[in-house]
file protein_26.pdb (PDB, C-alpha atoms and all ligand atoms)
ATOM      1  CA  MET A   1     130.487  70.710 106.769
ATOM      2  CA  ASN A   2     130.810  73.509 104.209
ATOM      3  CA  TRP A   3     130.745  77.215 105.067
ATOM      4  CA  ILE A   4     127.011  77.582 104.353
ATOM      5  CA  THR A   5     125.925  74.901 106.836
ATOM      6  CA  LYS A   6     128.502  76.240 109.317
ATOM      7  CA  MET A   7     127.071  79.739 108.928
ATOM      8  CA  PHE A   8     123.451  78.499 109.289
ATOM      9  CA  SER A   9     124.205  76.563 112.472
ATOM     10  CA  SER A  10     126.448  79.139 114.214
ATOM     11  CA  SER A  11     124.604  81.354 116.657
ATOM     12  CA  LEU A  12     125.804  84.525 114.876
ATOM     13  CA  GLY A  13     124.658  83.118 111.501
ATOM     14  CA  GLN A  14     121.216  82.336 112.929
ATOM     15  CA  LYS A  15     120.895  85.841 114.367
ATOM     16  CA  LEU A  16     121.917  87.340 110.995
ATOM     17  CA  ILE A  17     119.252  85.313 109.206
ATOM     18  CA  MET A  18     116.661  86.328 111.831
ATOM     19  CA  ALA A  19     117.601  89.985 111.201
ATOM     20  CA  LEU A  20     117.465  89.700 107.397
ATOM     21  CA  THR A  21     114.169  87.762 107.305
ATOM     22  CA  GLY A  22     112.722  90.175 109.897
ATOM     23  CA  LEU A  23     113.573  93.232 107.778
ATOM     24  CA  PHE A  24     112.170  91.501 104.673
ATOM     25  CA  LEU A  25     108.903  90.889 106.584
ATOM     26  CA  CYS A  26     108.886  94.573 107.617
ATOM     27  CA  SER A  27     109.067  95.596 103.946
ATOM     28  CA  PHE A  28     106.141  93.240 103.207
ATOM     29  CA  LEU A  29     104.104  94.940 105.953
ATOM     30  CA  ILE A  30     104.499  98.335 104.275
ATOM     31  CA  ILE A  31     103.364  97.009 100.873
ATOM     32  CA  HIS A  32     100.484  95.053 102.445
ATOM     33  CA  MET A  33      99.390  98.116 104.419
ATOM     34  CA  VAL A  34      99.433 100.430 101.380
ATOM     35  CA  GLY A  35      97.485  97.868  99.305
ATOM     36  CA  ASN A  36      94.914  97.268 102.040
ATOM     37  CA  LEU A  37      94.252 101.013 102.346
ATOM     38  CA  GLN A  38      92.078 100.472  99.224
ATOM     39  CA  LEU A  39      89.550  98.993 101.668
ATOM     40  CA  PHE A  40      88.726 102.539 102.815
ATOM     41  CA  LYS A  41      87.765 103.743  99.294
ATOM     42  CA  HIS A  42      84.049 104.393  98.762
ATOM     43  CA  ASP A  43      83.810 102.279  95.579
ATOM     44  CA  ALA A  44      82.034  99.132  96.845
ATOM     45  CA  GLY A  45      85.403  97.348  96.969
ATOM     46  CA  LEU A  46      86.304  97.620  93.271
ATOM     47  CA  ALA A  47      89.855  98.989  93.767
ATOM     48  CA  PHE A  48      90.587  96.451  96.525
ATOM     49  CA  ASN A  49      89.305  93.551  94.411
ATOM     50  CA  LYS A  50      91.413  94.648  91.420
ATOM     51  CA  TYR A  51      94.448  94.946  93.714
ATOM     52  CA  ALA A  52      93.845  91.390  95.044
ATOM     53  CA  VAL A  53      93.753  90.062  91.454
ATOM     54  CA  PHE A  54      96.997  91.892  90.635
ATOM     55  CA  MET A  55      98.728  90.560  93.780
ATOM     56  CA  THR A  56      97.769  86.968  93.048
ATOM     57  CA  THR A  57      98.402  86.899  89.282
ATOM     58  CA  ASN A  58     101.460  89.099  88.637
ATOM     59  CA  PRO A  59     104.348  86.600  88.088
ATOM     60  CA  LEU A  60     106.963  88.730  89.907
ATOM     61  CA  ILE A  61     104.725  89.161  92.956
ATOM     62  CA  LYS A  62     103.769  85.471  92.923
ATOM     63  CA  THR A  63     107.470  84.517  92.997
ATOM     64  CA  THR A  64     108.156  86.989  95.818
ATOM     65  CA  SER A  65     105.217  85.426  97.720
ATOM     66  CA  TYR A  66     107.058  82.082  97.902
ATOM     67  CA  LEU A  67     110.055  83.901  99.388
ATOM     68  CA  LEU A  68     107.659  85.540 101.850
ATOM     69  CA  TYR A  69     106.183  82.193 103.018
ATOM     70  CA  ALA A  70     109.722  80.788 103.457
ATOM     71  CA  ALA A  71     110.776  83.905 105.409
ATOM     72  CA  ILE A  72     107.721  83.667 107.723
ATOM     73  CA  LEU A  73     108.372  79.979 108.466
ATOM     74  CA  PHE A  74     112.111  80.478 108.927
ATOM     75  CA  HIS A  75     111.784  83.574 111.119
ATOM     76  CA  ALA A  76     109.078  82.010 113.305
ATOM     77  CA  PHE A  77     110.639  78.589 113.856
ATOM     78  CA  LYS A  78     114.242  79.822 114.228
ATOM     79  CA  GLY A  79     112.925  82.444 116.662
ATOM     80  CA  ILE A  80     111.221  79.798 118.803
ATOM     81  CA  ALA A  81     114.373  77.623 118.670
ATOM     82  CA  LEU A  82     116.524  80.581 119.792
ATOM     83  CA  VAL A  83     114.230  81.236 122.787
ATOM     84  CA  PHE A  84     114.596  77.590 123.906
ATOM     85  CA  GLN A  85     118.371  77.635 123.314
ATOM     86  CA  ASN A  86     118.703  80.752 125.472
ATOM     87  CA  LYS A  87     116.555  79.180 128.223
ATOM     88  CA  LYS A  88     118.683  75.998 128.148
ATOM     89  CA  ALA A  89     121.909  77.981 128.299
ATOM     90  CA  ARG A  90     120.661  79.798 131.397
ATOM     91  CA  PRO A  91     118.289  77.414 133.262
ATOM     92  CA  VAL A  92     118.535  79.344 136.578
ATOM     93  CA  LYS A  93     117.759  83.032 136.502
ATOM     94  CA  TYR A  94     120.575  85.287 137.703
ATOM     95  CA  GLN A  95     119.826  86.143 141.317
ATOM     96  CA  ALA A  96     120.957  89.737 141.080
ATOM     97  CA  PHE A  97     119.553  90.264 137.572
ATOM     98  CA  ASP A  98     117.085  93.082 137.324
ATOM     99  CA  GLY A  99     115.617  92.674 133.818
ATOM    100  CA  LYS A 100     113.480  95.813 134.083
ATOM    101  CA  ALA A 101     116.503  97.996 134.671
ATOM    102  CA  ASN A 102     118.576  96.506 131.861
ATOM    103  CA  SER A 103     116.160  95.959 129.002
ATOM    104  CA  HIS A 104     112.765  96.908 127.660
ATOM    105  CA  TRP A 105     109.824  94.581 128.390
ATOM    106  CA  SER A 106     109.397  93.798 124.686
ATOM    107  CA  SER A 107     113.014  92.614 124.265
ATOM    108  CA  ARG A 108     112.483  90.061 127.079
ATOM    109  CA  ASN A 109     109.236  88.780 125.536
ATOM    110  CA  MET A 110     110.060  88.535 121.833
ATOM    111  CA  GLY A 111     109.234  84.802 121.800
ATOM    112  CA  VAL A 112     105.746  85.260 123.305
ATOM    113  CA  LEU A 113     105.019  88.275 121.087
ATOM    114  CA  GLY A 114     106.226  86.402 117.997
ATOM    115  CA  THR A 115     104.049  83.386 118.885
ATOM    116  CA  ILE A 116     100.935  85.614 119.130
ATOM    117  CA  ILE A 117     101.793  87.048 115.684
ATOM    118  CA  LEU A 118     102.319  83.536 114.256
ATOM    119  CA  VAL A 119      98.889  82.395 115.551
ATOM    120  CA  PHE A 120      97.421  85.539 113.995
ATOM    121  CA  VAL A 121      99.105  84.913 110.612
ATOM    122  CA  VAL A 122      97.801  81.303 110.545
ATOM    123  CA  VAL A 123      94.203  82.416 111.329
ATOM    124  CA  HIS A 124      94.516  85.380 108.946
ATOM    125  CA  MET A 125      95.802  83.321 106.031
ATOM    126  CA  SER A 126      93.264  80.553 106.546
ATOM    127  CA  ASN A 127      90.545  83.217 106.489
ATOM    128  CA  PHE A 128      91.329  85.368 103.468
ATOM    129  CA  TRP A 129      94.276  83.928 101.569
ATOM    130  CA  TRP A 130      93.058  80.293 101.641
ATOM    131  CA  GLN A 131      89.467  81.312 100.926
ATOM    132  CA  TYR A 132      90.573  83.433  97.946
ATOM    133  CA  LYS A 133      92.863  80.796  96.456
ATOM    134  CA  PHE A 134      91.038  77.555  97.240
ATOM    135  CA  GLY A 135      87.668  78.326  98.827
ATOM    136  CA  HIS A 136      84.445  79.935  97.626
ATOM    137  CA  VAL A 137      84.559  83.694  97.074
ATOM    138  CA  PRO A 138      81.462  85.135  95.360
ATOM    139  CA  TYR A 139      81.644  87.425  92.323
ATOM    140  CA  THR A 140      80.346  90.963  91.907
ATOM    141  CA  LYS A 141      79.427  92.752  88.689
ATOM    142  CA  TYR A 142      80.377  96.452  88.598
ATOM    143  CA  THR A 143      79.045  98.784  85.930
ATOM    144  CA  VAL A 144      81.323 101.805  85.589
ATOM    145  CA  ASN A 145      80.237 104.846  83.602
ATOM    146  CA  VAL A 146      83.147 105.747  81.309
ATOM    147  CA  GLY A 147      82.209 109.468  81.300
ATOM    148  CA  ASP A 148      82.078 110.322  85.008
ATOM    149  CA  ASN A 149      83.434 107.123  86.588
ATOM    150  CA  SER A 150      80.234 106.661  88.630
ATOM    151  CA  LEU A 151      79.549 103.025  89.378
ATOM    152  CA  SER A 152      76.928 100.558  90.523
ATOM    153  CA  SER A 153      77.487  97.028  91.744
ATOM    154  CA  ILE A 154      75.427  93.863  92.096
ATOM    155  CA  PRO A 155      76.517  90.596  93.688
ATOM    156  CA  ILE A 156      76.186  87.724  91.203
ATOM    157  CA  ASP A 157      75.823  84.058  91.792
ATOM    158  CA  VAL A 158      78.169  82.580  89.205
ATOM    159  CA  THR A 159      76.260  79.307  89.020
ATOM    160  CA  ASN A 160      73.019  81.102  88.103
ATOM    161  CA  GLU A 161      74.365  83.233  85.296
ATOM    162  CA  ASP A 162      74.349  81.631  81.855
ATOM    163  CA  TYR A 163      77.188  83.702  80.476
ATOM    164  CA  MET A 164      79.370  82.784  83.464
ATOM    165  CA  LYS A 165      79.255  79.040  82.752
ATOM    166  CA  GLY A 166      82.716  77.538  83.096
ATOM    167  CA  PHE A 167      83.963  80.879  84.435
ATOM    168  CA  THR A 168      87.363  80.557  86.073
ATOM    169  CA  GLU A 169      88.964  84.001  85.703
ATOM    170  CA  LYS A 170      89.235  86.259  88.750
ATOM    171  CA  LEU A 171      88.584  89.386  86.653
ATOM    172  CA  VAL A 172      86.804  90.056  83.364
ATOM    173  CA  VAL A 173      86.429  93.555  81.878
ATOM    174  CA  ARG A 174      83.879  94.090  79.075
ATOM    175  CA  PRO A 175      83.854  97.520  77.389
ATOM    176  CA  LEU A 176      80.205  98.153  76.392
ATOM    177  CA  GLY A 177      80.350 101.645  74.886
ATOM    178  CA  GLN A 178      79.145 104.122  77.537
ATOM    179  CA  VAL A 179      79.934 101.713  80.372
ATOM    180  CA  ASP A 180      82.543  99.137  81.351
ATOM    181  CA  GLU A 181      81.246  95.950  82.888
ATOM    182  CA  ILE A 182      83.718  94.489  85.381
ATOM    183  CA  ILE A 183      83.159  91.056  86.892
ATOM    184  CA  VAL A 184      85.549  90.257  89.695
ATOM    185  CA  LYS A 185      86.016  87.861  92.608
ATOM    186  CA  ASP A 186      84.683  89.904  95.530
ATOM    187  CA  LEU A 187      87.265  89.476  98.287
ATOM    188  CA  TYR A 188      86.116  92.835  99.684
ATOM    189  CA  ARG A 189      82.796  91.215 100.630
ATOM    190  CA  SER A 190      84.620  88.373 102.431
ATOM    191  CA  VAL A 191      86.661  90.946 104.402
ATOM    192  CA  GLU A 192      83.507  92.973 105.160
ATOM    193  CA  LEU A 193      81.671  89.868 106.418
ATOM    194  CA  GLY A 194      84.682  88.497 108.325
ATOM    195  CA  PHE A 195      85.118  91.690 110.308
ATOM    196  CA  LYS A 196      81.536  91.558 111.584
ATOM    197  CA  GLU A 197      82.748  88.780 113.950
ATOM    198  CA  LEU A 198      83.698  90.190 117.352
ATOM    199  CA  TRP A 199      86.209  87.413 118.185
ATOM    200  CA  LEU A 200      88.094  88.012 114.920
ATOM    201  CA  VAL A 201      88.231  91.775 115.448
ATOM    202  CA  ALA A 202      89.479  91.183 119.025
ATOM    203  CA  LEU A 203      92.179  88.773 117.754
ATOM    204  CA  TYR A 204      93.341  91.365 115.205
ATOM    205  CA  ILE A 205      93.596  94.073 117.853
ATOM    206  CA  ILE A 206      95.513  91.862 120.309
ATOM    207  CA  ALA A 207      97.815  90.700 117.484
ATOM    208  CA  MET A 208      98.464  94.280 116.341
ATOM    209  CA  ALA A 209      99.421  95.231 119.927
ATOM    210  CA  ALA A 210     101.842  92.270 119.926
ATOM    211  CA  LEU A 211     103.163  93.344 116.487
ATOM    212  CA  SER A 212     103.765  96.848 117.812
ATOM    213  CA  PHE A 213     105.908  95.638 120.764
ATOM    214  CA  HIS A 214     107.659  93.003 118.611
ATOM    215  CA  LEU A 215     108.721  95.618 116.062
ATOM    216  CA  TYR A 216     109.537  98.221 118.729
ATOM    217  CA  HIS A 217     112.457  96.015 119.740
ATOM    218  CA  GLY A 218     112.908  93.922 116.574
ATOM    219  CA  PHE A 219     113.467  96.695 114.024
ATOM    220  CA  LYS A 220     116.379  98.395 115.814
ATOM    221  CA  SER A 221     117.756  95.064 117.024
ATOM    222  CA  ALA A 222     118.035  93.836 113.395
ATOM    223  CA  PHE A 223     120.242  96.833 112.534
ATOM    224  CA  GLN A 224     122.389  96.136 115.597
ATOM    225  CA  THR A 225     122.834  92.477 114.575
ATOM    226  CA  LEU A 226     123.819  93.528 111.058
ATOM    227  CA  GLY A 227     126.379  95.908 112.556
ATOM    228  CA  LEU A 228     124.582  98.902 111.048
ATOM    229  CA  ASN A 229     124.133 100.816 114.273
ATOM    230  CA  HIS A 230     126.127 103.992 114.128
ATOM    231  CA  LYS A 231     125.681 107.220 116.072
ATOM    232  CA  LYS A 232     124.954 108.952 112.755
ATOM    233  CA  TYR A 233     121.991 106.696 111.849
ATOM    234  CA  ASN A 234     120.630 105.565 115.230
ATOM    235  CA  GLY A 235     118.257 108.543 115.409
ATOM    236  CA  ALA A 236     116.720 107.680 112.033
ATOM    237  CA  ILE A 237     116.555 103.938 112.845
ATOM    238  CA  ASN A 238     114.771 104.652 116.149
ATOM    239  CA  PHE A 239     112.414 107.106 114.474
ATOM    240  CA  ILE A 240     111.399 104.609 111.753
ATOM    241  CA  GLY A 241     111.308 101.683 114.209
ATOM    242  CA  ILE A 242     109.028 103.448 116.666
ATOM    243  CA  GLY A 243     107.108 105.936 114.486
ATOM    244  CA  VAL A 244     106.435 103.715 111.482
ATOM    245  CA  PHE A 245     106.690 100.102 112.676
ATOM    246  CA  ALA A 246     105.592 100.291 116.334
ATOM    247  CA  ILE A 247     102.895 102.967 115.865
ATOM    248  CA  LEU A 248     101.676 103.690 112.300
ATOM    249  CA  ILE A 249     101.635 100.151 110.869
ATOM    250  CA  PRO A 250      99.873  98.397 113.816
ATOM    251  CA  ILE A 251      97.348 101.256 114.194
ATOM    252  CA  GLY A 252      96.679 101.261 110.427
ATOM    253  CA  PHE A 253      96.066  97.496 110.374
ATOM    254  CA  ALA A 254      93.925  97.581 113.549
ATOM    255  CA  ALA A 255      91.797 100.353 112.000
ATOM    256  CA  MET A 256      90.650  97.998 109.190
ATOM    257  CA  PRO A 257      88.718  95.397 111.245
ATOM    258  CA  LEU A 258      87.433  98.192 113.524
ATOM    259  CA  TYR A 259      86.160 100.177 110.510
ATOM    260  CA  PHE A 260      84.151  97.223 109.165
ATOM    261  CA  PHE A 261      82.903  96.198 112.601
ATOM    262  CA  ILE A 262      81.514  99.675 113.295
ATOM    263  CA  LYS A 263      80.364 100.397 109.683
TER     264      LYS A 263
HETATM  265  C1  LIG B   1      94.274  93.991 109.586
HETATM  266  C2  LIG B   1      94.316  94.250 108.348
HETATM  267  C3  LIG B   1      94.625  93.224 107.276
HETATM  268  C4  LIG B   1      93.796  92.911 106.242
HETATM  269  C5  LIG B   1      92.422  93.504 105.972
HETATM  270  C6  LIG B   1      94.474  91.929 105.438
HETATM  271  C7  LIG B   1      93.955  91.349 104.300
HETATM  272  C8  LIG B   1      94.553  90.328 103.568
HETATM  273  C9  LIG B   1      93.968  89.692 102.419
HETATM  274  C10 LIG B   1      92.593  90.043 101.852
HETATM  275  C11 LIG B   1      94.859  88.759 101.955
HETATM  276  C12 LIG B   1      94.688  87.799 100.754
HETATM  277  C13 LIG B   1      94.884  88.480  99.423
HETATM  278  C14 LIG B   1      96.284  88.955  99.192
HETATM  279  O1  LIG B   1      97.219  88.128  99.128
HETATM  280  O2  LIG B   1      96.470  90.184  99.060
HETATM  281  C15 LIG B   1      96.021  88.808 102.829
HETATM  282  C16 LIG B   1      97.151  88.041 102.688
HETATM  283  C17 LIG B   1      98.185  88.004 103.601
HETATM  284  N1  LIG B   1      98.303  88.735 104.759
HETATM  285 FE1  LIG B   1      97.023  90.179 105.361
HETATM  286  N2  LIG B   1      95.711  91.652 105.995
HETATM  287  C18 LIG B   1      95.845  92.414 107.150
HETATM  288  C19 LIG B   1      96.930  92.408 108.027
HETATM  289  C20 LIG B   1      98.025  91.563 107.959
HETATM  290  C21 LIG B   1      99.134  91.545 108.892
HETATM  291  C22 LIG B   1      99.292  92.480 110.084
HETATM  292  C23 LIG B   1      99.983  90.541 108.486
HETATM  293  C24 LIG B   1     101.293  90.091 109.095
HETATM  294  C25 LIG B   1     101.659  90.280 110.364
HETATM  295  C26 LIG B   1      99.420  89.941 107.292
HETATM  296  C27 LIG B   1      99.969  88.897 106.585
HETATM  297  C28 LIG B   1      99.480  88.389 105.399
HETATM  298  C29 LIG B   1     100.170  87.395 104.587
HETATM  299  C30 LIG B   1     101.511  86.759 104.925
HETATM  300  C31 LIG B   1      99.377  87.149 103.451
HETATM  301  C32 LIG B   1      99.684  86.247 102.243
HETATM  302  C33 LIG B   1     100.339  87.152 101.205
HETATM  303  C34 LIG B   1     100.686  86.469  99.892
HETATM  304  O3  LIG B   1     100.150  85.409  99.578
HETATM  305  O4  LIG B   1     101.505  87.043  99.150
HETATM  306  N3  LIG B   1      98.237  90.585 107.002
HETATM  307  N4  LIG B   1      95.803  89.771 103.807
END
call {"tool": "encode", "arguments": {"input": "protein_26.pdb", "output": "structure tokens"}}
result
Amino acid sequence: MNWITKMFSSSLGQKLIMALTGLFLCSFLIIHMVGNLQLFKHDAGLAFNKYAVFMTTNPLIKTTSYLLYAAILFHAFKGIALVFQNKKARPVKYQAFDGKANSHWSSRNMGVLGTIILVFVVVHMSNFWWQYKFGHVPYTKYTVNVGDNSLSSIPIDVTNEDYMKGFTEKLVVRPLGQVDEIIVKDLYRSVELGFKELWLVALYIIAMAALSFHLYHGFKSAFQTLGLNHKKYNGAINFIGIGVFAILIPIGFAAMPLYFFIK
């Protein structure tokens, strides 16, 4: 057994990898949140659709995506394994153990919270990500006035348009003098339609509540595992963990399905 396999199988090594993958997933959440804020622009989805093309075609981002999928799988399945290991190591609950007094509710339920988030990610990716990459997403033609940036948009049925025959690109821009014609895969419309479903909106809100509690404990716990908890920084770590990851990020994400459901 070399040092890498030893490190991966030791309980400290596993906790370190959980902490590192967890923090990597936190950084993804910030980027995903900022990108998805384009959904709130009043431009019939043009900025969001352009952003989706960029995210799925830029080679650096595509490579990072593979790391992201590996991190999600590793973090989720190692997390579940750790919960079972801990249960096995302590099959009978301590009689005098008062969990409430010693730890926060979220720290005792990380496995359940993580499982809710995993179910959410599977449903979420099969909805938008799978549909965008492998399913049918309709196109929209935007006409943008070069002078004042005003725009109009019409949904197009690719199969009915002669000039779109054999069309495989996600984005085509045609400068036509006074106007630019932009034809783009309209993921915005898929999101808009998806969030008209009550069950989906409810799942997103429940999952974002679970994400909030998971990160409330997980963010600061990752720094502790990495040995980066120091009196000097604990205030900042708690502030970011609670303010950004347990409050801002889940509320921001939950606002998106709610916005389209009410709109
Ligand atoms: C509620 C608001 C959200 C919306 C509207 C949204 C929208 C989308 C869309 C449209 C895609 C496919 C296009 C793309 O890759 O950019 C996507 C991908 C993805 N989303 Fe979300 N998302 C939301 C929240 C979340 C949350 C909270 C998580 C994680 C806990 C998440 C995880 C992912 C992952 C892992 C991918 C695949 C990314 C990749 O292929 O690089 N999303 N999301």
call {"tool": "closest_atom_pairs", "arguments": {"input": "protein_26.pdb", "of": "chain A", "to": "ligand LIG 1 (chain B)", "cutoff": "8 Å", "atoms": "only C-alpha atoms and all ligand atoms", "output": "CSV"}}
result
residue,atom,partner,partner_atom,distance
A:Leu29,CA,B:LIG1,C24,6.4
A:His32,CA,B:LIG1,FE1,6.7
A:Met33,CA,B:LIG1,C19,7.2
A:Gly35,CA,B:LIG1,O2,7.8
A:Asn36,CA,B:LIG1,C5,6.0
A:Leu39,CA,B:LIG1,C5,7.5
A:Tyr51,CA,B:LIG1,O2,7.4
A:Ala52,CA,B:LIG1,O2,4.9
A:Met55,CA,B:LIG1,O2,5.8
A:Thr56,CA,B:LIG1,O1,6.2
A:Ile61,CA,B:LIG1,O4,7.3
A:Lys62,CA,B:LIG1,O4,6.8
A:Thr64,CA,B:LIG1,O4,7.4
A:Ser65,CA,B:LIG1,O4,4.3
A:Tyr66,CA,B:LIG1,O4,7.6
A:Leu68,CA,B:LIG1,O4,6.9
A:Tyr69,CA,B:LIG1,C30,6.8
A:Ile72,CA,B:LIG1,C30,7.5
A:Ile117,CA,B:LIG1,C25,6.2
A:Leu118,CA,B:LIG1,C25,7.8
A:Phe120,CA,B:LIG1,C25,7.3
A:Val121,CA,B:LIG1,C27,5.7
A:His124,CA,B:LIG1,FE1,6.5
A:Met125,CA,B:LIG1,C17,5.8
A:Phe128,CA,B:LIG1,C12,5.0
A:Trp129,CA,B:LIG1,C12,4.0
A:Trp130,CA,B:LIG1,C12,7.7
A:Tyr132,CA,B:LIG1,C12,6.6
A:Leu187,CA,B:LIG1,C10,6.4
A:Tyr188,CA,B:LIG1,C10,7.4
A:Val191,CA,B:LIG1,C5,6.5
A:Tyr204,CA,B:LIG1,C1,6.3
A:Ala207,CA,B:LIG1,C22,7.8
A:Met208,CA,B:LIG1,C22,6.6
A:Leu211,CA,B:LIG1,C25,7.0
A:Pro250,CA,B:LIG1,C22,7.0
A:Gly252,CA,B:LIG1,C2,7.7
A:Phe253,CA,B:LIG1,C1,4.0
A:Ala254,CA,B:LIG1,C1,5.4
A:Ala255,CA,B:LIG1,C1,7.2
A:Met256,CA,B:LIG1,C2,5.3
A:Pro257,CA,B:LIG1,C1,6.0
call {"tool": "closest_residue", "arguments": {"input": "protein_26.pdb", "among": "A:Phe8, A:Phe195, A:Tyr139, A:Phe239", "to": "Glu169 of chain A", "atoms": "all atoms listed in the file"}}
result
A:Tyr139
call {"tool": "atom_distance", "arguments": {"input": "protein_26.pdb", "atom1": "atom CA of Leu23 of chain A", "atom2": "atom CA of Phe223 of chain A"}}
result
8.9 Å
call {"tool": "residues_around", "arguments": {"input": "protein_26.pdb", "residues": "segment 141-157 of chain A", "least_positions_apart": "5", "cutoff": "10 Å", "atoms": "only C-alpha atoms", "output": "PyMOL selection string"}}
result
chain A and resi 43-46+164+171-186+189
call {"tool": "write_last_selection", "arguments": {"input": "protein_26.pdb", "atoms": "C-alpha atoms", "output": "mmCIF file, in the frame of the given file"}}
result
data_model
loop_
_atom_site.group_PDB
_atom_site.id
_atom_site.type_symbol
_atom_site.label_atom_id
_atom_site.label_comp_id
_atom_site.auth_asym_id
_atom_site.auth_seq_id
_atom_site.Cartn_x
_atom_site.Cartn_y
_atom_site.Cartn_z
ATOM 1 C CA ASP A 43 83.810 102.279 95.579
ATOM 2 C CA ALA A 44 82.034 99.132 96.845
ATOM 3 C CA GLY A 45 85.403 97.348 96.969
ATOM 4 C CA LEU A 46 86.304 97.620 93.271
ATOM 5 C CA MET A 164 79.370 82.784 83.464
ATOM 6 C CA LEU A 171 88.584 89.386 86.653
ATOM 7 C CA VAL A 172 86.804 90.056 83.364
ATOM 8 C CA VAL A 173 86.429 93.555 81.878
ATOM 9 C CA ARG A 174 83.879 94.090 79.075
ATOM 10 C CA PRO A 175 83.854 97.520 77.389
ATOM 11 C CA LEU A 176 80.205 98.153 76.392
ATOM 12 C CA GLY A 177 80.350 101.645 74.886
ATOM 13 C CA GLN A 178 79.145 104.122 77.537
ATOM 14 C CA VAL A 179 79.934 101.713 80.372
ATOM 15 C CA ASP A 180 82.543 99.137 81.351
ATOM 16 C CA GLU A 181 81.246 95.950 82.888
ATOM 17 C CA ILE A 182 83.718 94.489 85.381
ATOM 18 C CA ILE A 183 83.159 91.056 86.892
ATOM 19 C CA VAL A 184 85.549 90.257 89.695
ATOM 20 C CA LYS A 185 86.016 87.861 92.608
ATOM 21 C CA ASP A 186 84.683 89.904 95.530
ATOM 22 C CA ARG A 189 82.796 91.215 100.630
#
call {"tool": "closest_residue", "arguments": {"input": "protein_26.pdb", "among": "A:Tyr259, A:Leu67, A:Trp105, A:Lys170", "to": "Pro138 of chain A", "atoms": "only C-alpha atoms"}}
result
A:Lys170
call {"tool": "closest_residue", "arguments": {"input": "protein_26.pdb", "among": "A:Gln14, A:Ile249, A:Phe40, A:Gly241", "to": "Gln85 of chain A", "atoms": "all atoms listed in the file"}}
result
A:Gln14
call {"tool": "atom_distance", "arguments": {"input": "protein_26.pdb", "atom1": "atom CA of Leu203 of chain A", "atom2": "atom CA of Ile242 of chain A"}}
result
22.4 Å
call {"tool": "closest_residue", "arguments": {"input": "protein_26.pdb", "among": "A:Lys15, A:Trp199, A:Gly135, A:Phe84", "to": "Gly227 of chain A", "atoms": "only C-alpha atoms"}}
result
A:Lys15
call {"tool": "atom_distance", "arguments": {"input": "protein_26.pdb", "atom1": "atom CA of Phe28 of chain A", "atom2": "atom CA of Phe245 of chain A"}}
result
11.7 Å
call {"tool": "residues_near_point", "arguments": {"input": "protein_26.pdb", "point": "(118.6, 91.8, 108.0)", "cutoff": "8 Å", "atoms": "all atoms listed in the file", "output": "count of residues only"}}
result
13
call {"tool": "axis_aligned_box", "arguments": {"input": "protein_26.pdb", "around": "segment 41-54 of chain A", "padding_each_side": "6 Å", "output": "AutoDock Vina command-line options"}}
result
--center_x 89.5 --center_y 97.2 --center_z 95.0 --size_x 27.0 --size_y 26.3 --size_z 20.7
call {"tool": "closest_residue", "arguments": {"input": "protein_26.pdb", "among": "A:Val83, A:Ile237, A:Ile206, A:Ala246", "to": "Ile116 of chain A", "atoms": "all atoms listed in the file"}}
result
A:Ile206
call {"tool": "closest_residue", "arguments": {"input": "protein_26.pdb", "among": "A:Ala236, A:Leu228, A:Ile262, A:Ile247", "to": "Leu198 of chain A", "atoms": "all atoms listed in the file"}}
result
A:Ile262
